[in-house]
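Chemist: This is the structure, below, for whatever I ask next.
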Amino acid sequence: MYHETRAADGADPGGAVILGHGVSKLFGGTVVALEGATFTVKPRQFISLVGPSGCGKSTLLRMIAGLIEPSSGSLHVHGDPVGKPRRDVGMMFQRPTLMAWRTVLENVLLPTELVRKVTAADRDHALELIELVGLKDFAYAFPSQLSGGMQQRASLARLLQTGADVLLLDEPFGALDEFTRERLNLELLRIVAQFGRTTLFVTHNIQEAIFLADEVFVMTPRPGRIAGIVEVPFERPRDISLMQTVPFNEMVAEVRGIFDRDNK
Amino acid sequence: MIARGAPGRKPARWMVLLDPVFLRRLATHVLIFTSFIAVWEWAGQTGRLNDLIMPAPSAIAAAIWRMYVVTGEIYWHFFVTMFEAVSGFVIGGVIGLGLAIGAALSLTFRRYVAPYAVALNVTPGIAVTPIFIAWFGFGWNSKIALAALIVFFPIFVNSLSGLLRVDRDTEELMRSLGASKMQTFFKLMLPNAAPMIFAGFKVAITTALVGAIVAEFASATEGIGIMMQRYAHRLDIAASIGVLISMALMGLLLFTLMEVADRRTVFWLRPERLEQVSRKRRRRLMALK
Ligand SMILES: Nc1ncnc2c1ncn2[C@@H]1O[C@H](COP(=O)(O)OP(=O)(O)OP(=O)(O)O)[C@@H](O)[C@H]1O
Ligand SMILES: [Mg+2]
């Protein structure tokens, strides 16, 4: 397909951020975690990956992050084949992964600390991000003093501190209660819009996937694959009331239809 | 939610002395203890106990008074054994922690070295005493060596399992941030293992004392173990018990030191320390240029 040649040039006229062509991943030679994923992610797009457990969502994200290598197919980020982790791609996990011995501010400064000596400017930037995610009064608190939702806010601030322009979010709010999750989703939209980052967001929830995204990758298991890509046309900024509208629910039905078709 | 500074000031430590519950418990403790001693003393005074087998508390107190105040002979022995135990702990600890780090960072190392460490552990360490005395002589060295040997294993095992117990997501986070192996070790693995490492230290420090004393029993000219042996051979049980109490004191002293070090290092598991550390960290970050 044309994806291939474009990516191989390194200079992609369409300016795609991520290009996957026939990306597959086998674990231990037998477990097919992902099979033949072909997709394009354009700059500043918000992509939701939705699907049941075990359909390869995390596997796809970890390949894009350069944490694991594809078994076959080609996968390019900013025109380069993926190999090892890169500075312009950042990842956030379902669990907070904060370091218990660091304050929130120190946790947020970690990405900077790994590449250079932290300066007052870095600190002020991190403090701004902490304020942005709503943890202004907790910059010097330790993770054990925060609720689960606050810990994920801190993780988000740390992700932004990396300066990465591709954000990979693996069920970032999946472990939180519904109220907190809804709030954080809205804030995430606001923040991503403000920074203009390209985002891949993994979720189990169809409504959430559609509400957040420009495009939904619908994934199905055994073997894990992208069964369909649904474009979401709703205007931004979106309000939570969108979820009550008929077009929205038609779209939910469309996504659900892809799962049902696959189950037959 | 966060525990911010309480509106009022935290009550001072000594205020507990005004707490009726605390006072009642304290009184009960004192009562039980003194009655026990009183009955024991009474049994001794009225000839119901054989002085050679179980001397009365007053006789033990007199023996302790003698060795600490009259002759002062205990201090040198006390120091010798403490020195042996602490030196053994440091040597065994450095080797144990060092090998644990090697084993944690390298699978090959773990595969080919760890089995010997386990073999060493199932060998009763104390049984090595005669060999160590043959190798290192009758002086302090053989005691230090034995203490180091038996301290090694708990430190090695605890440190290794702590170092390997890294959360997979956090490890992937470090990789996704481009951290080097060194950075991952110092910023993630080591602090993550600190609680386990200190658990090992706390077990080991009293074990070190056992090692030093047992080696002294085998053959020595100085040290608290030899003091105990001399009194026991003379059937001076009161003085022997006095020495035993001193040994307990040594153990308590060493353990408390370790506990304090643990509390200072692994502060994040001590909710009462968080506020203080937080203030310190804030000052440090504010001072950045
Ligand atoms: N390191 C691994 N070794 C072997 N099999 C693996 C490994 N990682 C994932 N798998 C398998 O690959 C498949 C896809 O896993 P993946 O974690 O990508 O699913 P997922 O869509 O993220 O699921 P979930 O929603 O539960 O997080 C699963 O069957 C899983 O068991
Ligand atoms: Mg997953």
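Lettering and numbering for the structure tokens are positional, with chains as A, B, ... in the shown order, residues counted from 1 in each chain, and ligands counted from 1 in the shown order.
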List all protein, DNA and RNA residues that have any atom at most 7 Å from ligand 2, counting only C-alpha atoms and all ligand atoms, and write the list as a PyMOL selection string.
Modeler: chain A and resi 53+57-58+170
Chemist: For the selection you just gave me, I'd like the residues written to a file as a PDB file, in the first residue's frame, keeping N, CA and C atoms.
Modeler:
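Done, and the output landed in result_6.pdb:
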```pdb
ATOM      1  N   SER A  53     -10.993  -6.936  26.673  1.00  0.00           N
ATOM      2  CA  SER A  53      -9.705  -7.320  27.220  1.00  0.00           C
ATOM      3  C   SER A  53      -8.999  -8.329  26.309  1.00  0.00           C
ATOM      4  N   LYS A  57      -4.676  -3.923  22.636  1.00  0.00           N
ATOM      5  CA  LYS A  57      -4.596  -2.462  22.735  1.00  0.00           C
ATOM      6  C   LYS A  57      -3.276  -2.032  23.361  1.00  0.00           C
ATOM      7  N   SER A  58      -2.965  -2.638  24.505  1.00  0.00           N
ATOM      8  CA  SER A  58      -1.712  -2.268  25.179  1.00  0.00           C
ATOM      9  C   SER A  58      -0.519  -2.654  24.317  1.00  0.00           C
ATOM     10  N   ASP A 170      -2.851   4.556  28.186  1.00  0.00           N
ATOM     11  CA  ASP A 170      -3.383   3.203  28.274  1.00  0.00           C
ATOM     12  C   ASP A 170      -4.368   3.115  29.435  1.00  0.00           C
TER      13      ASP A 170
END
```
Chemist: Counting only C-alpha atoms, which residues of chain A come no farther than 7 Å from chain B, as a list of chain:residue names?
Modeler: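 Listed by rising number, the hits are A:Ala65, A:Leu67, A:Pro85, A:Arg86, A:Arg87, A:Gly90, A:Met91, A:Phe93, A:Thr97, A:Ala100, A:Trp101, A:Pro111, A:Leu114, A:Thr119, A:Ala120, A:Tyr140, A:Ala141, A:Gln145, A:Leu146, A:Ser147.
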Chemist: Using only C-alpha atoms and all ligand atoms, I'd like a table of the residues in chain A that come within 10 Å of ligand 1; for each, show the closest atom pair and its distance in Å rounded to one decimal, ordered by chain and ascending number, as CSV.
Modeler:
```
residue,atom,partner,partner_atom_place_in_ligand_line,distance
A:Lys25,CA,ligand 1,12 (O),8.3
A:Leu26,CA,ligand 1,12 (O),7.7
A:Phe27,CA,ligand 1,4 (C),4.7
A:Gly28,CA,ligand 1,4 (C),6.3
A:Gly29,CA,ligand 1,4 (C),9.3
A:Thr30,CA,ligand 1,5 (N),8.9
A:Val31,CA,ligand 1,5 (N),6.1
A:Val32,CA,ligand 1,12 (O),6.5
A:Ala33,CA,ligand 1,12 (O),3.8
A:Leu34,CA,ligand 1,14 (C),6.8
A:Leu49,CA,ligand 1,21 (O),8.9
A:Val50,CA,ligand 1,21 (O),8.4
A:Gly51,CA,ligand 1,21 (O),6.7
A:Pro52,CA,ligand 1,25 (O),5.8
A:Ser53,CA,ligand 1,25 (O),3.5
A:Gly54,CA,ligand 1,19 (O),3.5
A:Cys55,CA,ligand 1,21 (O),4.0
A:Gly56,CA,ligand 1,18 (O),3.1
A:Lys57,CA,ligand 1,21 (O),3.8
A:Ser58,CA,ligand 1,22 (O),3.6
A:Thr59,CA,ligand 1,18 (O),3.7
A:Leu60,CA,ligand 1,18 (O),6.5
A:Leu61,CA,ligand 1,18 (O),8.1
A:Arg62,CA,ligand 1,18 (O),8.3
A:Met63,CA,ligand 1,18 (O),9.9
A:Ile68,CA,ligand 1,1 (N),9.1
A:Gln94,CA,ligand 1,27 (O),8.8
A:Asp170,CA,ligand 1,22 (O),7.8
A:Glu171,CA,ligand 1,27 (O),7.8
A:Gly174,CA,ligand 1,25 (O),9.7
A:Val202,CA,ligand 1,22 (O),8.1
A:Thr203,CA,ligand 1,25 (O),7.5
A:His204,CA,ligand 1,25 (O),6.7
A:Met219,CA,ligand 1,21 (O),8.1
A:Thr220,CA,ligand 1,21 (O),8.5
A:Pro221,CA,ligand 1,21 (O),7.8
A:Arg222,CA,ligand 1,29 (O),7.7
A:Pro223,CA,ligand 1,13 (C),8.2
A:Gly224,CA,ligand 1,14 (C),6.6
A:Arg225,CA,ligand 1,21 (O),9.6
```
Chemist: List the spatial neighbours of segment 82-90 of chain B as a list in words - criterion: any atom at most 6 Å away, only C-alpha atoms, same-chain residues fewer than 5 positions off excluded.
Modeler: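 Counting only the stated atoms, we get Ile144, Ala147, Ala148, Ala208, Leu209 and Ala212 of chain B.
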Chemist: Just the residues within 12 Å of Ile240 of chain A, please, counting only C-alpha atoms, with nothing from its chain fewer than 5 positions along; format it as number ranges by chain.
Modeler: A: 182-183, 185-187, 189, 207-208, 210-212, 245, 248
Chemist: Can you pull out the residues contacting segment 255-259 of chain A? Cut-off 7 Å, using only C-alpha atoms, and skip same-chain residues under 3 positions away; I want them as a ChimeraX atom specification.
Modeler: /A:218,220,228,251-252,262-263
